[in-house]
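Data file: upload_18.cif. Format and content: mmCIF, C-alpha atoms and all ligand atoms.
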data_target
#
loop_
_atom_site.group_PDB
_atom_site.id
_atom_site.type_symbol
_atom_site.label_atom_id
_atom_site.label_comp_id
_atom_site.auth_asym_id
_atom_site.auth_seq_id
_atom_site.Cartn_x
_atom_site.Cartn_y
_atom_site.Cartn_z
ATOM 1 C CA MET A 69 0.000 0.000 0.000
ATOM 2 C CA LEU A 70 2.778 2.460 0.889
ATOM 3 C CA ASN A 71 5.029 1.732 -2.106
ATOM 4 C CA GLY A 72 6.477 5.028 -3.331
ATOM 5 C CA LYS A 73 5.753 6.876 -0.075
ATOM 6 C CA ALA A 74 8.531 8.301 2.094
ATOM 7 C CA ALA A 75 8.284 8.418 5.871
ATOM 8 C CA VAL A 76 10.251 10.186 8.608
ATOM 9 C CA VAL A 77 9.935 8.488 12.009
ATOM 10 C CA THR A 78 11.630 10.371 14.839
ATOM 11 C CA GLY A 79 13.112 8.425 17.738
ATOM 12 C CA SER A 80 13.090 5.239 15.688
ATOM 13 C CA THR A 81 16.338 3.699 16.919
ATOM 14 C CA SER A 82 14.422 1.914 19.697
ATOM 15 C CA GLY A 83 11.034 1.202 21.248
ATOM 16 C CA ILE A 84 7.791 2.360 19.679
ATOM 17 C CA GLY A 85 9.447 4.364 16.895
ATOM 18 C CA LEU A 86 11.362 1.321 15.704
ATOM 19 C CA GLY A 87 8.157 -0.769 15.745
ATOM 20 C CA ILE A 88 6.385 1.858 13.647
ATOM 21 C CA ALA A 89 9.318 2.268 11.226
ATOM 22 C CA LYS A 90 9.351 -1.510 10.648
ATOM 23 C CA ALA A 91 5.585 -1.626 10.038
ATOM 24 C CA LEU A 92 5.722 1.236 7.507
ATOM 25 C CA ALA A 93 8.736 -0.345 5.763
ATOM 26 C CA ALA A 94 6.973 -3.725 5.670
ATOM 27 C CA ASP A 95 4.133 -1.962 3.868
ATOM 28 C CA GLY A 96 6.543 -0.570 1.279
ATOM 29 C CA ALA A 97 7.450 2.933 2.516
ATOM 30 C CA ASP A 98 10.977 4.294 2.310
ATOM 31 C CA ILE A 99 12.085 5.361 5.768
ATOM 32 C CA LEU A 100 14.286 7.970 7.403
ATOM 33 C CA LEU A 101 15.298 6.733 10.822
ATOM 34 C CA ASN A 102 16.216 9.199 13.573
ATOM 35 C CA GLY A 103 17.309 8.793 17.145
ATOM 36 C CA LEU A 104 20.229 8.543 19.494
ATOM 37 C CA GLY A 105 22.497 5.543 20.046
ATOM 38 C CA ASP A 106 25.652 3.770 19.030
ATOM 39 C CA ALA A 107 26.599 4.676 15.420
ATOM 40 C CA GLN A 108 27.627 1.132 14.458
ATOM 41 C CA GLN A 109 24.473 -0.440 15.878
ATOM 42 C CA ILE A 110 22.309 2.128 14.094
ATOM 43 C CA GLU A 111 24.098 1.493 10.780
ATOM 44 C CA ALA A 112 23.557 -2.251 11.250
ATOM 45 C CA LEU A 113 19.857 -1.602 11.945
ATOM 46 C CA ARG A 114 19.592 0.624 8.856
ATOM 47 C CA GLU A 115 21.115 -2.083 6.640
ATOM 48 C CA GLU A 116 18.961 -4.796 8.229
ATOM 49 C CA LEU A 117 15.697 -2.919 7.585
ATOM 50 C CA ALA A 118 16.675 -2.052 4.001
ATOM 51 C CA ALA A 119 17.548 -5.706 3.254
ATOM 52 C CA GLU A 120 14.515 -7.188 5.040
ATOM 53 C CA TYR A 121 11.880 -4.942 3.504
ATOM 54 C CA GLY A 122 13.519 -3.968 0.189
ATOM 55 C CA VAL A 123 12.982 -0.237 0.735
ATOM 56 C CA LYS A 124 15.339 2.752 1.006
ATOM 57 C CA VAL A 125 16.353 3.376 4.609
ATOM 58 C CA ALA A 126 18.234 6.566 5.504
ATOM 59 C CA TYR A 127 19.337 7.807 8.918
ATOM 60 C CA CYS A 128 19.833 11.235 10.442
ATOM 61 C CA GLY A 129 20.897 11.584 14.076
ATOM 62 C CA ALA A 130 19.382 15.060 14.509
ATOM 63 C CA ASP A 131 18.869 16.047 18.146
ATOM 64 C CA MET A 132 15.188 16.925 18.592
ATOM 65 C CA THR A 133 16.076 19.705 21.042
ATOM 66 C CA LYS A 134 17.929 21.597 18.272
ATOM 67 C CA PRO A 135 15.892 23.432 15.595
ATOM 68 C CA ALA A 136 18.834 23.660 13.149
ATOM 69 C CA GLU A 137 19.352 19.887 13.339
ATOM 70 C CA ILE A 138 15.639 19.267 12.790
ATOM 71 C CA GLU A 139 15.847 21.412 9.636
ATOM 72 C CA ARG A 140 18.881 19.381 8.531
ATOM 73 C CA MET A 141 16.924 16.135 9.107
ATOM 74 C CA ILE A 142 14.106 17.238 6.788
ATOM 75 C CA GLU A 143 16.667 18.347 4.168
ATOM 76 C CA THR A 144 18.301 14.905 4.448
ATOM 77 C CA ALA A 145 14.932 13.168 3.989
ATOM 78 C CA ASN A 146 14.136 15.291 0.915
ATOM 79 C CA ARG A 147 17.596 14.634 -0.537
ATOM 80 C CA GLU A 148 17.774 10.892 0.162
ATOM 81 C CA LEU A 149 14.103 9.879 -0.193
ATOM 82 C CA GLY A 150 12.979 12.611 -2.611
ATOM 83 C CA LYS A 151 10.115 13.948 -0.436
ATOM 84 C CA VAL A 152 8.319 13.448 2.873
ATOM 85 C CA ASP A 153 4.791 11.974 2.698
ATOM 86 C CA ILE A 154 4.473 10.589 6.220
ATOM 87 C CA VAL A 155 5.796 11.968 9.490
ATOM 88 C CA VAL A 156 5.591 10.081 12.753
ATOM 89 C CA ASN A 157 6.503 12.445 15.578
ATOM 90 C CA ASN A 158 7.522 9.797 18.074
ATOM 91 C CA ALA A 159 10.758 10.860 19.829
ATOM 92 C CA GLY A 160 9.926 11.553 23.437
ATOM 93 C CA ILE A 161 11.396 11.613 26.910
ATOM 94 C CA GLN A 162 10.035 11.397 30.423
ATOM 95 C CA HIS A 163 11.170 12.867 33.742
ATOM 96 C CA VAL A 164 9.502 11.946 37.015
ATOM 97 C CA ALA A 165 9.557 14.395 39.961
ATOM 98 C CA PRO A 166 7.044 16.422 41.977
ATOM 99 C CA VAL A 167 6.366 19.804 40.410
ATOM 100 C CA HIS A 168 7.995 21.799 43.240
ATOM 101 C CA ALA A 169 11.211 19.809 42.756
ATOM 102 C CA PHE A 170 11.047 19.523 38.953
ATOM 103 C CA PRO A 171 14.408 20.573 37.453
ATOM 104 C CA ILE A 172 13.858 23.480 35.017
ATOM 105 C CA ASP A 173 16.259 22.034 32.461
ATOM 106 C CA ARG A 174 14.260 18.727 32.447
ATOM 107 C CA TRP A 175 11.003 20.676 31.913
ATOM 108 C CA ASP A 176 12.601 22.484 28.965
ATOM 109 C CA ALA A 177 13.953 19.243 27.461
ATOM 110 C CA VAL A 178 10.608 17.406 27.746
ATOM 111 C CA ILE A 179 8.720 20.291 26.107
ATOM 112 C CA ALA A 180 11.387 20.695 23.399
ATOM 113 C CA ILE A 181 11.438 17.024 22.347
ATOM 114 C CA ASN A 182 7.803 16.036 22.967
ATOM 115 C CA LEU A 183 6.075 19.208 21.747
ATOM 116 C CA THR A 184 8.284 21.781 19.991
ATOM 117 C CA ALA A 185 10.038 19.264 17.700
ATOM 118 C CA PRO A 186 6.698 18.023 16.242
ATOM 119 C CA PHE A 187 5.750 21.668 15.563
ATOM 120 C CA LEU A 188 9.058 22.376 13.790
ATOM 121 C CA ILE A 189 8.840 19.174 11.731
ATOM 122 C CA THR A 190 5.192 19.721 10.761
ATOM 123 C CA ARG A 191 5.985 23.321 9.807
ATOM 124 C CA ALA A 192 8.799 22.097 7.542
ATOM 125 C CA VAL A 193 6.982 19.227 5.771
ATOM 126 C CA LEU A 194 3.456 20.578 5.399
ATOM 127 C CA PRO A 195 4.043 22.785 2.298
ATOM 128 C CA GLY A 196 5.294 19.758 0.269
ATOM 129 C CA MET A 197 2.419 17.565 1.480
ATOM 130 C CA LEU A 198 -0.145 20.224 0.543
ATOM 131 C CA GLU A 199 1.468 20.703 -2.857
ATOM 132 C CA ARG A 200 1.123 16.948 -3.567
ATOM 133 C CA ASN A 201 -2.262 16.891 -1.770
ATOM 134 C CA TRP A 202 -1.348 13.791 0.242
ATOM 135 C CA GLY A 203 0.215 13.505 3.662
ATOM 136 C CA ARG A 204 -0.054 11.770 7.008
ATOM 137 C CA ILE A 205 1.133 13.388 10.230
ATOM 138 C CA ILE A 206 0.951 10.975 13.159
ATOM 139 C CA ASN A 207 1.846 12.270 16.598
ATOM 140 C CA ILE A 208 2.676 9.753 19.306
ATOM 141 C CA ALA A 209 0.912 11.260 22.299
ATOM 142 C CA SER A 210 -0.066 9.070 25.284
ATOM 143 C CA THR A 211 -2.893 8.303 27.675
ATOM 144 C CA HIS A 212 -1.205 11.252 29.373
ATOM 145 C CA GLY A 213 -2.612 13.346 26.533
ATOM 146 C CA TRP A 214 -6.037 12.633 28.059
ATOM 147 C CA VAL A 215 -5.439 12.334 31.800
ATOM 148 C CA ALA A 216 -2.663 13.092 34.285
ATOM 149 C CA SER A 217 -0.535 11.110 36.726
ATOM 150 C CA VAL A 218 1.379 12.445 39.713
ATOM 151 C CA ASP A 219 5.004 13.553 39.326
ATOM 152 C CA LYS A 220 4.785 13.802 35.518
ATOM 153 C CA SER A 221 3.863 17.476 35.086
ATOM 154 C CA ALA A 222 6.132 18.212 32.104
ATOM 155 C CA TYR A 223 5.223 14.985 30.296
ATOM 156 C CA VAL A 224 1.480 15.451 30.888
ATOM 157 C CA ALA A 225 1.675 19.094 29.750
ATOM 158 C CA SER A 226 3.638 18.097 26.629
ATOM 159 C CA LYS A 227 1.211 15.289 25.746
ATOM 160 C CA HIS A 228 -1.912 17.428 26.318
ATOM 161 C CA GLY A 229 -0.111 20.041 24.194
ATOM 162 C CA ILE A 230 0.518 17.640 21.327
ATOM 163 C CA MET A 231 -3.174 16.640 21.388
ATOM 164 C CA GLY A 232 -4.119 20.305 20.963
ATOM 165 C CA PHE A 233 -1.531 20.748 18.225
ATOM 166 C CA THR A 234 -2.889 17.652 16.439
ATOM 167 C CA LYS A 235 -6.399 19.147 16.400
ATOM 168 C CA ALA A 236 -5.151 22.544 15.201
ATOM 169 C CA VAL A 237 -3.180 21.029 12.294
ATOM 170 C CA ALA A 238 -6.123 18.760 11.421
ATOM 171 C CA LEU A 239 -8.416 21.792 11.136
ATOM 172 C CA GLU A 240 -5.941 23.740 9.031
ATOM 173 C CA THR A 241 -5.687 20.782 6.593
ATOM 174 C CA ALA A 242 -9.291 19.554 6.862
ATOM 175 C CA THR A 243 -10.218 20.124 3.210
ATOM 176 C CA THR A 244 -7.033 18.549 1.844
ATOM 177 C CA GLY A 245 -5.485 15.113 1.400
ATOM 178 C CA VAL A 246 -3.298 15.686 4.447
ATOM 179 C CA THR A 247 -4.459 14.287 7.792
ATOM 180 C CA CYS A 248 -3.085 14.752 11.288
ATOM 181 C CA ASN A 249 -3.945 12.389 14.150
ATOM 182 C CA ALA A 250 -2.440 11.113 17.384
ATOM 183 C CA ILE A 251 -1.879 7.644 18.830
ATOM 184 C CA CYS A 252 -2.217 7.443 22.615
ATOM 185 C CA PRO A 253 -0.479 4.393 24.065
ATOM 186 C CA GLY A 254 -0.792 3.275 27.649
ATOM 187 C CA TRP A 255 2.130 1.241 28.991
ATOM 188 C CA VAL A 256 4.431 -0.192 26.309
ATOM 189 C CA LEU A 257 7.537 -2.053 27.457
ATOM 190 C CA THR A 258 10.382 0.079 26.063
ATOM 191 C CA PRO A 259 13.578 1.548 27.573
ATOM 192 C CA LEU A 260 11.520 4.620 28.637
ATOM 193 C CA VAL A 261 9.234 2.427 30.786
ATOM 194 C CA GLN A 262 11.946 0.006 31.914
ATOM 195 C CA LYS A 263 13.597 2.958 33.710
ATOM 196 C CA GLN A 264 10.329 3.569 35.605
ATOM 197 C CA ILE A 265 10.024 -0.124 36.552
ATOM 198 C CA ASP A 266 13.630 -0.110 37.833
ATOM 199 C CA ALA A 267 12.976 3.056 39.877
ATOM 200 C CA LEU A 268 9.779 1.564 41.386
ATOM 201 C CA ALA A 269 11.575 -1.702 42.269
ATOM 202 C CA GLU A 270 14.355 0.207 43.988
ATOM 203 C CA ARG A 271 12.023 2.640 45.801
ATOM 204 C CA GLU A 272 9.727 -0.089 47.180
ATOM 205 C CA GLY A 273 12.262 -2.917 47.500
ATOM 206 C CA LEU A 274 10.386 -5.082 44.950
ATOM 207 C CA SER A 275 11.575 -7.674 42.469
ATOM 208 C CA GLU A 276 11.422 -6.572 38.840
ATOM 209 C CA GLU A 277 8.448 -8.901 38.255
ATOM 210 C CA ASP A 278 6.487 -7.501 41.224
ATOM 211 C CA ALA A 279 7.341 -3.927 40.212
ATOM 212 C CA THR A 280 6.057 -4.652 36.688
ATOM 213 C CA ILE A 281 2.770 -6.052 38.041
ATOM 214 C CA GLU A 282 2.367 -3.064 40.369
ATOM 215 C CA LEU A 283 3.070 -0.610 37.545
ATOM 216 C CA LEU A 284 0.551 -2.244 35.194
ATOM 217 C CA GLY A 285 -2.026 -2.905 37.930
ATOM 218 C CA GLU A 286 -2.189 0.741 38.917
ATOM 219 C CA LYS A 287 -3.317 1.950 35.470
ATOM 220 C CA GLN A 288 -3.710 -0.736 32.801
ATOM 221 C CA PRO A 289 -6.582 -3.197 33.478
ATOM 222 C CA SER A 290 -5.460 -5.677 30.812
ATOM 223 C CA LEU A 291 -2.276 -6.194 32.885
ATOM 224 C CA GLN A 292 -0.490 -6.523 29.551
ATOM 225 C CA PHE A 293 1.879 -4.178 27.803
ATOM 226 C CA THR A 294 0.908 -2.888 24.371
ATOM 227 C CA LYS A 295 3.523 -4.000 21.839
ATOM 228 C CA PRO A 296 5.355 -1.642 19.452
ATOM 229 C CA ASP A 297 4.208 -3.728 16.463
ATOM 230 C CA GLN A 298 0.551 -3.202 17.501
ATOM 231 C CA LEU A 299 1.177 0.555 17.351
ATOM 232 C CA GLY A 300 2.926 0.012 14.004
ATOM 233 C CA ALA A 301 -0.220 -1.667 12.648
ATOM 234 C CA LEU A 302 -2.309 1.319 13.755
ATOM 235 C CA ALA A 303 0.120 3.769 12.126
ATOM 236 C CA VAL A 304 -0.163 1.808 8.854
ATOM 237 C CA PHE A 305 -3.966 1.985 9.128
ATOM 238 C CA LEU A 306 -3.787 5.775 9.659
ATOM 239 C CA CYS A 307 -1.819 5.955 6.396
ATOM 240 C CA SER A 308 -4.492 3.989 4.519
ATOM 241 C CA GLU A 309 -7.388 5.248 2.408
ATOM 242 C CA GLY A 310 -9.722 3.885 5.117
ATOM 243 C CA ALA A 311 -8.408 6.561 7.475
ATOM 244 C CA ALA A 312 -8.469 9.421 4.962
ATOM 245 C CA ASN A 313 -11.263 11.248 6.778
ATOM 246 C CA MET A 314 -10.042 10.664 10.326
ATOM 247 C CA ARG A 315 -8.882 14.103 11.411
ATOM 248 C CA GLY A 316 -7.615 15.517 14.675
ATOM 249 C CA ILE A 317 -8.286 12.548 16.938
ATOM 250 C CA GLY A 318 -6.203 10.779 19.576
ATOM 251 C CA ILE A 319 -6.648 6.998 19.511
ATOM 252 C CA PRO A 320 -5.975 5.202 22.812
ATOM 253 C CA VAL A 321 -4.235 1.815 22.716
ATOM 254 C CA ASP A 322 -4.166 1.429 26.452
ATOM 255 C CA GLY A 323 -5.468 -1.909 27.789
ATOM 256 C CA GLY A 324 -8.483 -0.121 29.276
ATOM 257 C CA TRP A 325 -6.562 2.660 31.101
ATOM 258 C CA LEU A 326 -8.961 5.395 29.978
ATOM 259 C CA ALA A 327 -12.107 3.289 30.419
ATOM 260 C CA GLN A 328 -11.857 3.534 34.202
HETATM 261 P P1 LIG B 401 12.329 5.007 23.996
HETATM 262 O O1 LIG B 401 13.120 5.666 25.074
HETATM 263 O O2 LIG B 401 12.399 3.542 23.787
HETATM 264 O O3 LIG B 401 12.652 5.660 22.590
HETATM 265 C C1 LIG B 401 12.740 7.027 22.434
HETATM 266 C C2 LIG B 401 13.384 7.328 21.118
HETATM 267 O O4 LIG B 401 13.572 8.731 21.049
HETATM 268 C C3 LIG B 401 14.764 6.675 20.975
HETATM 269 O O5 LIG B 401 14.969 6.307 19.628
HETATM 270 C C4 LIG B 401 15.697 7.802 21.362
HETATM 271 O O6 LIG B 401 16.991 7.683 20.777
HETATM 272 C C5 LIG B 401 14.941 8.994 20.793
HETATM 273 N N1 LIG B 401 15.327 10.254 21.399
HETATM 274 C C6 LIG B 401 15.363 10.587 22.712
HETATM 275 N N2 LIG B 401 15.823 11.844 22.851
HETATM 276 C C7 LIG B 401 16.065 12.310 21.607
HETATM 277 C C8 LIG B 401 16.554 13.532 21.079
HETATM 278 N N3 LIG B 401 16.911 14.546 21.867
HETATM 279 N N4 LIG B 401 16.677 13.657 19.747
HETATM 280 C C9 LIG B 401 16.360 12.618 18.915
HETATM 281 N N5 LIG B 401 15.887 11.448 19.352
HETATM 282 C C10 LIG B 401 15.752 11.295 20.682
HETATM 283 O O7 LIG B 401 10.821 5.511 24.249
HETATM 284 P P2 LIG B 401 9.420 4.925 23.790
HETATM 285 O O8 LIG B 401 8.780 4.366 24.990
HETATM 286 O O9 LIG B 401 9.530 4.119 22.563
HETATM 287 O O10 LIG B 401 8.673 6.296 23.481
HETATM 288 C C11 LIG B 401 8.380 6.739 22.185
HETATM 289 C C12 LIG B 401 7.214 7.698 22.260
HETATM 290 O O11 LIG B 401 6.074 7.025 22.760
HETATM 291 C C13 LIG B 401 7.450 8.891 23.173
HETATM 292 O O12 LIG B 401 6.891 10.063 22.601
HETATM 293 C C14 LIG B 401 6.690 8.497 24.434
HETATM 294 O O13 LIG B 401 6.277 9.616 25.157
HETATM 295 C C15 LIG B 401 5.526 7.758 23.834
HETATM 296 N N6 LIG B 401 4.840 6.854 24.754
HETATM 297 C C16 LIG B 401 5.491 5.794 25.311
HETATM 298 C C17 LIG B 401 4.789 4.960 26.173
HETATM 299 C C18 LIG B 401 5.411 3.750 26.804
HETATM 300 O O14 LIG B 401 4.747 3.129 27.642
HETATM 301 N N7 LIG B 401 6.608 3.368 26.432
HETATM 302 C C19 LIG B 401 3.459 5.235 26.485
HETATM 303 C C20 LIG B 401 2.835 6.332 25.906
HETATM 304 C C21 LIG B 401 3.546 7.130 25.031
#
Here is the file; what I need is its structure written in the form of structure tokens.
Amino acid sequence: MLNGKAAVVTGSTSGIGLGIAKALAADGADILLNGLGDAQQIEALREELAAEYGVKVAYCGADMTKPAEIERMIETANRELGKVDIVVNNAGIQHVAPVHAFPIDRWDAVIAINLTAPFLITRAVLPGMLERNWGRIINIASTHGWVASVDKSAYVASKHGIMGFTKAVALETATTGVTCNAICPGWVLTPLVQKQIDALAEREGLSEEDATIELLGEKQPSLQFTKPDQLGALAVFLCSEGAANMRGIGIPVDGGWLAQ
């Protein structure tokens, strides 16, 4: 379905972003990977995806806190893939602390990566999408785009912000072939969540298994993690003709978190 389309997936060197990049590539899209990590491992990943799915796979290590690097990433995508049809704004970070003790530099970093980078990327790719009258902008928000949790003020603010941004872009493009929507995962077992399980285990003197059950039990009634490839399947659906008139929504994939 996505043969001939070119996708930029930020933060795709691990976790959810990698799951989504693989799903888009499996459907035929050329991919620009982005994210931090060991250069050799990333090159091996790039080659592996290109060989497995028979699509072009480029990489740009742009830091999502730096506007000039974000601009360079979009230039790289246009140069190496010819255009940008699909953007998945996925790169994101978390910091956990009560608001009165929240380090200002962590607040700034969370807002920069989770909210400002998607704005800068959307701003850069939208003119080309509108010119070709086809585009998909998919923002990876969170259940924290709908509700809050304690000690996550910056993350919750950034994810509520990206939900608002998603709606605003969807309205501005509503009569065109460009759509903008958000995916709102609950718990997905990735390095971002593993850090929170480790911190909980240490704080409460629990085994990793018990900490995992406590973490899931508090919020996610299914007691199961969502898997990155399940989010990849949803991203592929949002790129399909079936989703062409879905505009400005945030779709939870959350094991019942928001049903409570
Ligand atoms: P992760 O830590 O596994 O991956 C994050 C990716 O972002 C990595 O590729 C990392 O290299 C990249 N990244 C981090 N800082 C960056 C920077 N400054 N510049 C460029 N890339 C950077 O995290 P994840 O759990 O896969 O999270 C991906 C997205 O999904 C985030 O937006 C997160 O908020 C969201 N999310 C995750 C969960 C979950 O349970 N894991 C739940 C809801 C939403």
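Across A:Cys252, A:Val215, A:Met231, A:Ala312, the tightest approach to ligand LIG 401 (chain B) is made by A:Cys252 when counting all atoms listed in the file.
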* Target residues per the PyMOL selection byres (((not hetatm)) within 6 of (chain B and resi 401)), formatted as a ChimeraX atom specification -> /A:79-85,103-105,130-133,158-161,208-210,253-261
* Asked: Which polymer residues, protein or nucleic acid, are no farther than 7 Å from (18.0, 6.7, 9.8), counting all atoms listed in the file, as a PyMOL selection string?
  -> chain A and resi 100-102+114+125-128
Selected residues, C-alpha atoms, written as a PDB file, in the frame of the given file, please.
ATOM      1  CA  LEU A 100      14.286   7.970   7.403  1.00  0.00           C
ATOM      2  CA  LEU A 101      15.298   6.733  10.822  1.00  0.00           C
ATOM      3  CA  ASN A 102      16.216   9.199  13.573  1.00  0.00           C
ATOM      4  CA  ARG A 114      19.592   0.624   8.856  1.00  0.00           C
ATOM      5  CA  VAL A 125      16.353   3.376   4.609  1.00  0.00           C
ATOM      6  CA  ALA A 126      18.234   6.566   5.504  1.00  0.00           C
ATOM      7  CA  TYR A 127      19.337   7.807   8.918  1.00  0.00           C
ATOM      8  CA  CYS A 128      19.833  11.235  10.442  1.00  0.00           C
TER       9      CYS A 128
END
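Proximity of A:Ala222, A:Gly245, A:Asn207, A:Ile154 to Pro166 (chain A), computed with only C-alpha atoms, is greatest for A:Ala222.
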* Result set, the PyMOL selection byres (((chain A and resi 301) around 12) and not hetatm) on current file, as an NGL selection string -> :A and (84 or 87-95 or 251 or 294-300 or 302-308 or 321)
Written as an mmCIF file with C-alpha atoms, keeping the file's coordinate frame, what is the full residue list that the PyMOL selection byres (((chain A and resi 134) around 12) and not hetatm) yields on the file shown?
data_model
loop_
_atom_site.group_PDB
_atom_site.id
_atom_site.type_symbol
_atom_site.label_atom_id
_atom_site.label_comp_id
_atom_site.auth_asym_id
_atom_site.auth_seq_id
_atom_site.Cartn_x
_atom_site.Cartn_y
_atom_site.Cartn_z
ATOM 1 C CA GLY A 129 20.897 11.584 14.076
ATOM 2 C CA ALA A 130 19.382 15.060 14.509
ATOM 3 C CA ASP A 131 18.869 16.047 18.146
ATOM 4 C CA MET A 132 15.188 16.925 18.592
ATOM 5 C CA THR A 133 16.076 19.705 21.042
ATOM 6 C CA PRO A 135 15.892 23.432 15.595
ATOM 7 C CA ALA A 136 18.834 23.660 13.149
ATOM 8 C CA GLU A 137 19.352 19.887 13.339
ATOM 9 C CA ILE A 138 15.639 19.267 12.790
ATOM 10 C CA GLU A 139 15.847 21.412 9.636
ATOM 11 C CA ARG A 140 18.881 19.381 8.531
ATOM 12 C CA MET A 141 16.924 16.135 9.107
ATOM 13 C CA ASP A 176 12.601 22.484 28.965
ATOM 14 C CA ALA A 177 13.953 19.243 27.461
ATOM 15 C CA ALA A 180 11.387 20.695 23.399
ATOM 16 C CA ILE A 181 11.438 17.024 22.347
ATOM 17 C CA THR A 184 8.284 21.781 19.991
ATOM 18 C CA ALA A 185 10.038 19.264 17.700
ATOM 19 C CA PRO A 186 6.698 18.023 16.242
ATOM 20 C CA LEU A 188 9.058 22.376 13.790
ATOM 21 C CA ILE A 189 8.840 19.174 11.731
#
* What lies within 7 Å of Asp98 (chain A) using all atoms listed in the file, ignoring chain neighbours under 4 positions off, as a ChimeraX atom specification? -> /A:73-75,93,123-125,149
Could you write out as JSON the box around region 308-319 of chain A (axis-aligned, all atoms listed in the file, 5 Å on each side), with centre and edge lengths in Å to one decimal?
{"center_x": -7.9, "center_y": 9.7, "center_z": 11.0, "size_x": 16.8, "size_y": 21.6, "size_z": 27.2}
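Going from CA of Lys220 (chain A) to CA of Glu286 (chain A) covers 15.2 Å.
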* So how far away is CA of Val152 (chain A) from CA of Ile317 (chain A), in Å? -> 21.8 Å
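CA of Leu70 (chain A) is positioned 9.9 Å from CA of Asp153 (chain A).
Among A:Gly229, A:Ile142, A:Gly196, A:Asp219, the residue with the shortest atom-to-atom distance to Phe170 (chain A), counting all atoms listed in the file, is A:Asp219.
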When you look at Thr190 (chain A) with a cut-off of 9 Å (counting only C-alpha atoms), what residues show up, excluding the ones that are within fewer than 2 positions of it in the same chain? I need them as a PDB file with C-alpha atoms, in the frame of the given file.
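File written: part03.pdb
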ATOM      1  CA  VAL A 155       5.796  11.968   9.490  1.00  0.00           C
ATOM      2  CA  ASN A 157       6.503  12.445  15.578  1.00  0.00           C
ATOM      3  CA  ALA A 185      10.038  19.264  17.700  1.00  0.00           C
ATOM      4  CA  PRO A 186       6.698  18.023  16.242  1.00  0.00           C
ATOM      5  CA  PHE A 187       5.750  21.668  15.563  1.00  0.00           C
ATOM      6  CA  LEU A 188       9.058  22.376  13.790  1.00  0.00           C
ATOM      7  CA  ALA A 192       8.799  22.097   7.542  1.00  0.00           C
ATOM      8  CA  VAL A 193       6.982  19.227   5.771  1.00  0.00           C
ATOM      9  CA  LEU A 194       3.456  20.578   5.399  1.00  0.00           C
ATOM     10  CA  ILE A 205       1.133  13.388  10.230  1.00  0.00           C
ATOM     11  CA  VAL A 237      -3.180  21.029  12.294  1.00  0.00           C
TER      12      VAL A 237
END
* Contacts of Lys235 (chain A) at 6 Å or less, counting all atoms listed in the file, minus same-chain residues fewer than 3 places along, as a list in words? -> Gly232, Ala238 and Gly316 of chain A
* To do: Taking the point (4.3, -7.0, 38.7) as given in the file, collect each protein or nucleic acid residue that comes within 12 Å of it, counting only C-alpha atoms, and present the set as a PyMOL selection string.
  => chain A and resi 265-266+268-269+274-286+288+291-293
Suppose we keep C-alpha atoms; can you now write the selection as a PDB file, keeping the file's coordinate frame?
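Output file result21.pdb is given in full below:
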ATOM      1  CA  ILE A 265      10.024  -0.124  36.552  1.00  0.00           C
ATOM      2  CA  ASP A 266      13.630  -0.110  37.833  1.00  0.00           C
ATOM      3  CA  LEU A 268       9.779   1.564  41.386  1.00  0.00           C
ATOM      4  CA  ALA A 269      11.575  -1.702  42.269  1.00  0.00           C
ATOM      5  CA  LEU A 274      10.386  -5.082  44.950  1.00  0.00           C
ATOM      6  CA  SER A 275      11.575  -7.674  42.469  1.00  0.00           C
ATOM      7  CA  GLU A 276      11.422  -6.572  38.840  1.00  0.00           C
ATOM      8  CA  GLU A 277       8.448  -8.901  38.255  1.00  0.00           C
ATOM      9  CA  ASP A 278       6.487  -7.501  41.224  1.00  0.00           C
ATOM     10  CA  ALA A 279       7.341  -3.927  40.212  1.00  0.00           C
ATOM     11  CA  THR A 280       6.057  -4.652  36.688  1.00  0.00           C
ATOM     12  CA  ILE A 281       2.770  -6.052  38.041  1.00  0.00           C
ATOM     13  CA  GLU A 282       2.367  -3.064  40.369  1.00  0.00           C
ATOM     14  CA  LEU A 283       3.070  -0.610  37.545  1.00  0.00           C
ATOM     15  CA  LEU A 284       0.551  -2.244  35.194  1.00  0.00           C
ATOM     16  CA  GLY A 285      -2.026  -2.905  37.930  1.00  0.00           C
ATOM     17  CA  GLU A 286      -2.189   0.741  38.917  1.00  0.00           C
ATOM     18  CA  GLN A 288      -3.710  -0.736  32.801  1.00  0.00           C
ATOM     19  CA  LEU A 291      -2.276  -6.194  32.885  1.00  0.00           C
ATOM     20  CA  GLN A 292      -0.490  -6.523  29.551  1.00  0.00           C
ATOM     21  CA  PHE A 293       1.879  -4.178  27.803  1.00  0.00           C
TER      22      PHE A 293
END
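Among the candidates A:His163, A:Arg174, A:Met197, A:Asn182, the one nearest to Asn146 (chain A) when counting all atoms listed in the file is A:Met197.
Using only C-alpha atoms for every distance, the candidate list A:Pro195, A:Gly213, A:Pro171, A:Gly122 yields A:Gly213 as the residue closest to Ile319 (chain A).
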* To do: Find the residue from A:Leu239, A:Ala311, A:Ala225, A:Val77 that sits nearest to Trp175 (chain A); use only C-alpha atoms when measuring.
  => A:Ala225
